[in-house]
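Working notes, structure below.
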Amino acid sequence: MTSPVAELARLRHRPRVVQILAVVDEAPHVKSLSFGDKLSAAAKPGQFGMIWAPGTDETPMSLLPSGNDDGVTITVKERGEGTRALLGKRRGELIGIRGPYGKGFTYDGERSILMIGGGTGVVPLLSLLRSLAPRGVECNFILGANTSHELLFSTEIQGLCTQTGGSFRVTTDDGSAGTRGLATDEAAKLLRARTFDCVYTCGPEAMMKRTIELVEHAHVPAQAGLERMFKCGSGICGSCCIGPYLVCKDGPVFSSEVLKGLPEFGESTRDASGRPVRLPRP
Ligand SMILES: Cc1cc2nc3c(=O)[nH]c(=O)nc-3n(C[C@H](O)[C@H](O)[C@H](O)COP(=O)(O)OP(=O)(O)OC[C@H]3O[C@@H](n4cnc5c(N)ncnc54)[C@H](O)[C@@H]3O)c2cc1C
Ligand code: FES
């Protein structure tokens, strides 16, 4: 007889078609799509699904379980064909999903944590925050964006951090909200003033690379969720490799210990044909 865990592992590879139950505008060119899917609703913070709109390729998207029954949300930012097709979907229309896949963030009894998020990297951190806030963990958050219009989930994040006795700080590149500058500038100040049991980060790779440098200096362990070019999303094609790792299978979340040994981290990624491409600098 198959164990429930093995059965779950098998079923997640099976593509499902789900109906969109709600669409919410979050920011210019960013929308959240909610649907019901039992397997995705059990996703751990940092795990992703392979999502597709009919007629387009699959795209990896972080899964944000709502905590009620089988409700799940994905928050999509327009980048190319696949994300544009998802953003064009309306309530009642159908999309496809497989997963959840990958290794998400781990929590090992830490009492105080700092999260640093930018862009749609905020989605897996919000999932982590939702799961840790009710457990009495002091949660601190630095939310970064280019402008005030691009800040995602700031009201919910601020509310949850406050509940835990933690702090919430905003940075924008143009100074239109919070402190003008980079999320990592704010992190540097905070890490000079106090310590944390763990730092969690997700967003542009340059931001995560700088975060890993800061935590090294402050002797704090960290975990970072990487976004790389995925094709299969399940450890078969090799398009997401970084050093000896497959980001879709061994990650997308990696510890600072692993990342500091990877010269490509924060420096270069791979395009759809596998060619190395330099990553933008902040
Ligand atoms: C684990 C994981 C979780 C993610 N979660 C989210 C999320 O919650 N919300 C969200 O909006 N996006 C998320 N992404 C990024 C998203 O998957 C890409 O934006 C999407 O695949 C682009 O597909 P497309 O067809 O729209 O663009 P394409 O037409 O395929 O490409 C457009 C441009 O984007 C680049 N690109 C494509 N895929 C990626 C990628 N994976 N990483 C970086 N650059 C890429 C291409 O090189 C090209 O320059 C996640 C990626 C990963 C790996
Ligand atoms: S996307 Fe195919 S192995 Fe990772």
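Residue numbers start at 1 in each chain; chains themselves are named A, B, ... in the order of the structure tokens; ligands are numbered from 1 in the order shown.
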task = Residues up to 8 Å from ligand 2, counting only C-alpha atoms and all ligand atoms: could you list those as a ChimeraX atom specification?
result = /A:229-241,246-249
request  = Select the residues contacting ligand 1 at a distance of at most 7 Å, based on only C-alpha atoms and all ligand atoms, then format the selection as a PyMOL selection string.
outcome  = chain A and resi 47-48+57+59-63+74-84+120-121+123+226-230+248+252+271-272
Save out the residues we just selected, C-alpha atoms, as a compact mmCIF listing (two decimals), in the first residue's frame.
```txt
# COMPACT_ATOMS: atom_id res chain seq x y z
CA GLN A 47 7.25 26.30 -2.42
CA PHE A 48 5.98 27.03 -5.93
CA ASP A 57 4.16 27.81 -21.43
CA THR A 59 5.58 29.67 -15.34
CA PRO A 60 6.76 29.05 -11.78
CA MET A 61 4.76 31.04 -9.19
CA SER A 62 5.02 31.12 -5.39
CA LEU A 63 1.96 29.64 -3.72
CA ILE A 74 -0.74 33.49 -6.77
CA THR A 75 0.47 37.07 -7.28
CA VAL A 76 1.59 37.63 -10.84
CA LYS A 77 3.81 40.42 -12.13
CA GLU A 78 3.92 41.00 -15.87
CA ARG A 79 7.18 39.93 -17.45
CA GLY A 80 6.56 38.12 -20.77
CA GLU A 81 4.01 36.00 -22.62
CA GLY A 82 3.05 33.61 -19.81
CA THR A 83 2.55 36.23 -17.10
CA ARG A 84 0.70 38.54 -19.54
CA THR A 120 7.00 39.45 -5.92
CA GLY A 121 9.61 37.92 -3.58
CA VAL A 123 4.78 36.50 -1.61
CA LEU A 226 15.96 32.17 -5.67
CA GLU A 227 14.17 32.91 -8.95
CA ARG A 228 15.83 31.29 -11.95
CA MET A 229 14.75 30.19 -15.42
CA PHE A 230 12.58 27.07 -14.95
CA CYS A 248 13.64 23.83 -8.68
CA PRO A 252 14.33 27.47 -4.48
CA ASP A 271 18.59 32.44 -20.28
CA ALA A 272 16.07 30.10 -21.92
```
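Shortest separation to Asp25 (chain A) among A:Ile51, A:Ile142, A:Leu87, A:Ala9 occurs at residue A:Leu87, atoms counted being only C-alpha atoms.
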key: Residues near Ile113 (chain A), cut-off 12 Å, only C-alpha atoms, skip fewer than 6 positions along chain, as a VMD selection string   = chain A and resid 107 125 128 to 129 132 to 133 136 to 142 161 164 to 168 190 to 191 194 to 201 220 to 223
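If only C-alpha atoms are the atoms counted, then among A:Glu150, A:Met115, A:Glu7, A:Gly46 the closest residue to Phe254 (chain A) is A:Gly46.
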query = Nearest to Ala187 (chain A) among A:Ala218, A:Ala206, A:Gly119, A:Ile157, with distances taken over only C-alpha atoms: which residue is it?
reply = A:Ala218
task = Point out the residue among A:Gly99, A:Gly266, A:Pro65, A:Pro276 with the least atom-to-atom distance to Trp52 (chain A), counting only C-alpha atoms.
result = A:Gly99
request  = Would you please extract all strand (DSSP E or B) residues from region 127-172 of chain A, as assigned by DSSP on the backbone, and give them as a VMD selection string?
outcome  = chain A and resid 138 to 145 168 to 172
key: Shortest interatomic distance to Glu267 (chain A) - which of A:Ser40, A:Leu21, A:Arg135, A:Arg210, counting only C-alpha atoms   = A:Arg210
Please provide the set of residues having any atom within 7 Å of region 170-183 of chain A, restricted to only C-alpha atoms, with same-chain residues fewer than 4 positions apart removed, written as a JSON list (two decimals) with all heavy atoms, in the first residue's frame.
```json
[["chain", "number", "residue", "atom", "x", "y", "z"],
["A", 116, "ILE", "N", 13.42, 40.22, 4.61],
["A", 116, "ILE", "CA", 13.74, 41.31, 3.69],
["A", 116, "ILE", "C", 13.21, 40.92, 2.33],
["A", 116, "ILE", "O", 13.67, 39.92, 1.74],
["A", 116, "ILE", "CB", 15.27, 41.54, 3.63],
["A", 116, "ILE", "CG1", 15.82, 41.77, 5.04],
["A", 116, "ILE", "CG2", 15.61, 42.72, 2.71],
["A", 116, "ILE", "CD1", 17.33, 41.65, 5.14],
["A", 142, "ILE", "N", 11.43, 44.15, 6.39],
["A", 142, "ILE", "CA", 11.81, 45.30, 5.56],
["A", 142, "ILE", "C", 11.27, 45.04, 4.17],
["A", 142, "ILE", "O", 11.61, 44.04, 3.53],
["A", 142, "ILE", "CB", 13.34, 45.51, 5.51],
["A", 142, "ILE", "CG1", 13.90, 45.70, 6.92],
["A", 142, "ILE", "CG2", 13.68, 46.71, 4.63],
["A", 142, "ILE", "CD1", 15.42, 45.75, 6.99],
["A", 143, "LEU", "N", 10.38, 45.94, 3.74],
["A", 143, "LEU", "CA", 9.70, 45.78, 2.45],
["A", 143, "LEU", "C", 10.24, 46.82, 1.48],
["A", 143, "LEU", "O", 10.12, 48.03, 1.75],
["A", 143, "LEU", "CB", 8.19, 45.97, 2.68],
["A", 143, "LEU", "CG", 7.26, 45.90, 1.48],
["A", 143, "LEU", "CD1", 7.33, 44.54, 0.82],
["A", 143, "LEU", "CD2", 5.82, 46.19, 1.92],
["A", 144, "GLY", "N", 10.81, 46.37, 0.38],
["A", 144, "GLY", "CA", 11.40, 47.31, -0.58],
["A", 144, "GLY", "C", 10.67, 47.29, -1.91],
["A", 144, "GLY", "O", 10.12, 46.27, -2.32],
["A", 145, "ALA", "N", 10.66, 48.46, -2.57],
["A", 145, "ALA", "CA", 10.06, 48.56, -3.91],
["A", 145, "ALA", "C", 10.67, 49.78, -4.62],
["A", 145, "ALA", "O", 11.34, 50.60, -3.98],
["A", 145, "ALA", "CB", 8.55, 48.73, -3.81],
["A", 146, "ASN", "N", 10.42, 49.88, -5.92],
["A", 146, "ASN", "CA", 10.92, 51.06, -6.65],
["A", 146, "ASN", "C", 10.17, 52.31, -6.20],
["A", 146, "ASN", "O", 10.77, 53.35, -5.96],
["A", 146, "ASN", "CB", 10.72, 50.88, -8.16],
["A", 146, "ASN", "CG", 11.57, 49.74, -8.70],
["A", 146, "ASN", "OD1", 12.70, 49.56, -8.27],
["A", 146, "ASN", "ND2", 11.01, 48.97, -9.61],
["A", 147, "THR", "N", 8.83, 52.20, -6.13],
["A", 147, "THR", "CA", 8.00, 53.35, -5.76],
["A", 147, "THR", "C", 6.90, 52.87, -4.81],
["A", 147, "THR", "O", 6.66, 51.66, -4.69],
["A", 147, "THR", "CB", 7.29, 53.98, -6.98],
["A", 147, "THR", "OG1", 6.22, 53.10, -7.36],
["A", 147, "THR", "CG2", 8.21, 54.17, -8.16],
["A", 148, "SER", "N", 6.18, 53.82, -4.21],
["A", 148, "SER", "CA", 5.11, 53.47, -3.27],
["A", 148, "SER", "C", 4.02, 52.62, -3.93],
["A", 148, "SER", "O", 3.41, 51.77, -3.29],
["A", 148, "SER", "CB", 4.48, 54.75, -2.70],
["A", 148, "SER", "OG", 3.97, 55.53, -3.75],
["A", 187, "ALA", "N", 18.51, 47.19, 6.18],
["A", 187, "ALA", "CA", 18.92, 45.95, 6.87],
["A", 187, "ALA", "C", 20.27, 46.13, 7.54],
["A", 187, "ALA", "O", 20.49, 45.66, 8.66],
["A", 187, "ALA", "CB", 18.98, 44.80, 5.86]]
```
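Atom to atom, CA of Gly88 (chain A) and CA of Val72 (chain A) stand 18.5 Å apart.
Going from CA of Glu156 (chain A) over to CA of Thr184 (chain A), you cover 21.4 Å.
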For Gly67 (chain A): contacts at 9 Å, only C-alpha atoms, fewer than 2 positions along chain excluded, given as a tab-separated table (two decimals) with N, CA, C and O atoms, in the first residue's frame:
```
chain	number	residue	atom	x	y	z
A	41	ALA	N	-2.85	24.12	-1.52
A	41	ALA	CA	-3.20	24.72	-0.22
A	41	ALA	C	-2.31	24.17	0.89
A	41	ALA	O	-2.21	24.76	1.96
A	42	ALA	N	-1.66	23.02	0.63
A	42	ALA	CA	-0.76	22.44	1.64
A	42	ALA	C	0.70	22.86	1.40
A	42	ALA	O	1.61	22.35	2.05
A	64	LEU	N	0.59	30.92	-2.22
A	64	LEU	CA	0.22	31.54	-0.94
A	64	LEU	C	-1.10	30.94	-0.47
A	64	LEU	O	-2.17	31.40	-0.89
A	65	PRO	N	-1.04	29.90	0.38
A	65	PRO	CA	-2.29	29.31	0.87
A	65	PRO	C	-3.06	30.32	1.71
A	65	PRO	O	-2.45	31.10	2.45
A	69	ASP	N	-9.64	25.99	4.07
A	69	ASP	CA	-9.91	24.86	3.17
A	69	ASP	C	-8.81	24.73	2.11
A	69	ASP	O	-7.65	24.65	2.44
A	70	ASP	N	-9.22	24.77	0.81
A	70	ASP	CA	-8.23	24.55	-0.24
A	70	ASP	C	-7.90	25.84	-1.00
A	70	ASP	O	-7.46	25.80	-2.13
A	71	GLY	N	-8.12	27.00	-0.38
A	71	GLY	CA	-7.89	28.28	-1.04
A	71	GLY	C	-6.41	28.62	-1.20
A	71	GLY	O	-5.61	28.41	-0.29
A	72	VAL	N	-6.04	29.10	-2.38
A	72	VAL	CA	-4.65	29.47	-2.70
A	72	VAL	C	-4.67	30.73	-3.56
A	72	VAL	O	-5.59	30.94	-4.34
A	130	ARG	N	2.70	34.62	7.80
A	130	ARG	CA	1.38	34.13	8.25
A	130	ARG	C	1.53	32.88	9.12
A	130	ARG	O	0.74	32.66	10.02
```
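Taking only C-alpha atoms into account, Leu126 (chain A) lies nearest to A:Pro45 out of the set A:Pro45, A:Gly203, A:Pro54, A:Gly274.
Atom to atom, CA of Leu151 (chain A) and CA of Cys202 (chain A) stand 14.2 Å apart.
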request  = Excluding Leu33 (chain A) and residues on its chain fewer than 5 positions from it, collect all residues at most 6 Å away from it, counting only C-alpha atoms, and give them as number ranges by chain.
outcome  = A: 22-23, 73-74
Export of the given selection (C-alpha atoms) as an mmCIF file, in the first residue's frame:
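Output file result33.cif is given in full below:
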```cif
data_model
loop_
_atom_site.group_PDB
_atom_site.id
_atom_site.type_symbol
_atom_site.label_atom_id
_atom_site.label_comp_id
_atom_site.auth_asym_id
_atom_site.auth_seq_id
_atom_site.Cartn_x
_atom_site.Cartn_y
_atom_site.Cartn_z
ATOM 1 C CA ALA A 22 -11.176 36.120 -7.529
ATOM 2 C CA VAL A 23 -8.834 38.597 -9.197
ATOM 3 C CA THR A 73 -3.468 32.726 -4.243
ATOM 4 C CA ILE A 74 -0.740 33.491 -6.768
#
```
ask   = Would you give me, as a PyMOL selection string, the residues in region 49-265 of chain A that DSSP reads as helix (DSSP H, G or I)?
value = chain A and resi 81-87+119-135+148-150+154-163+183-193+205-218+247-250+256-259
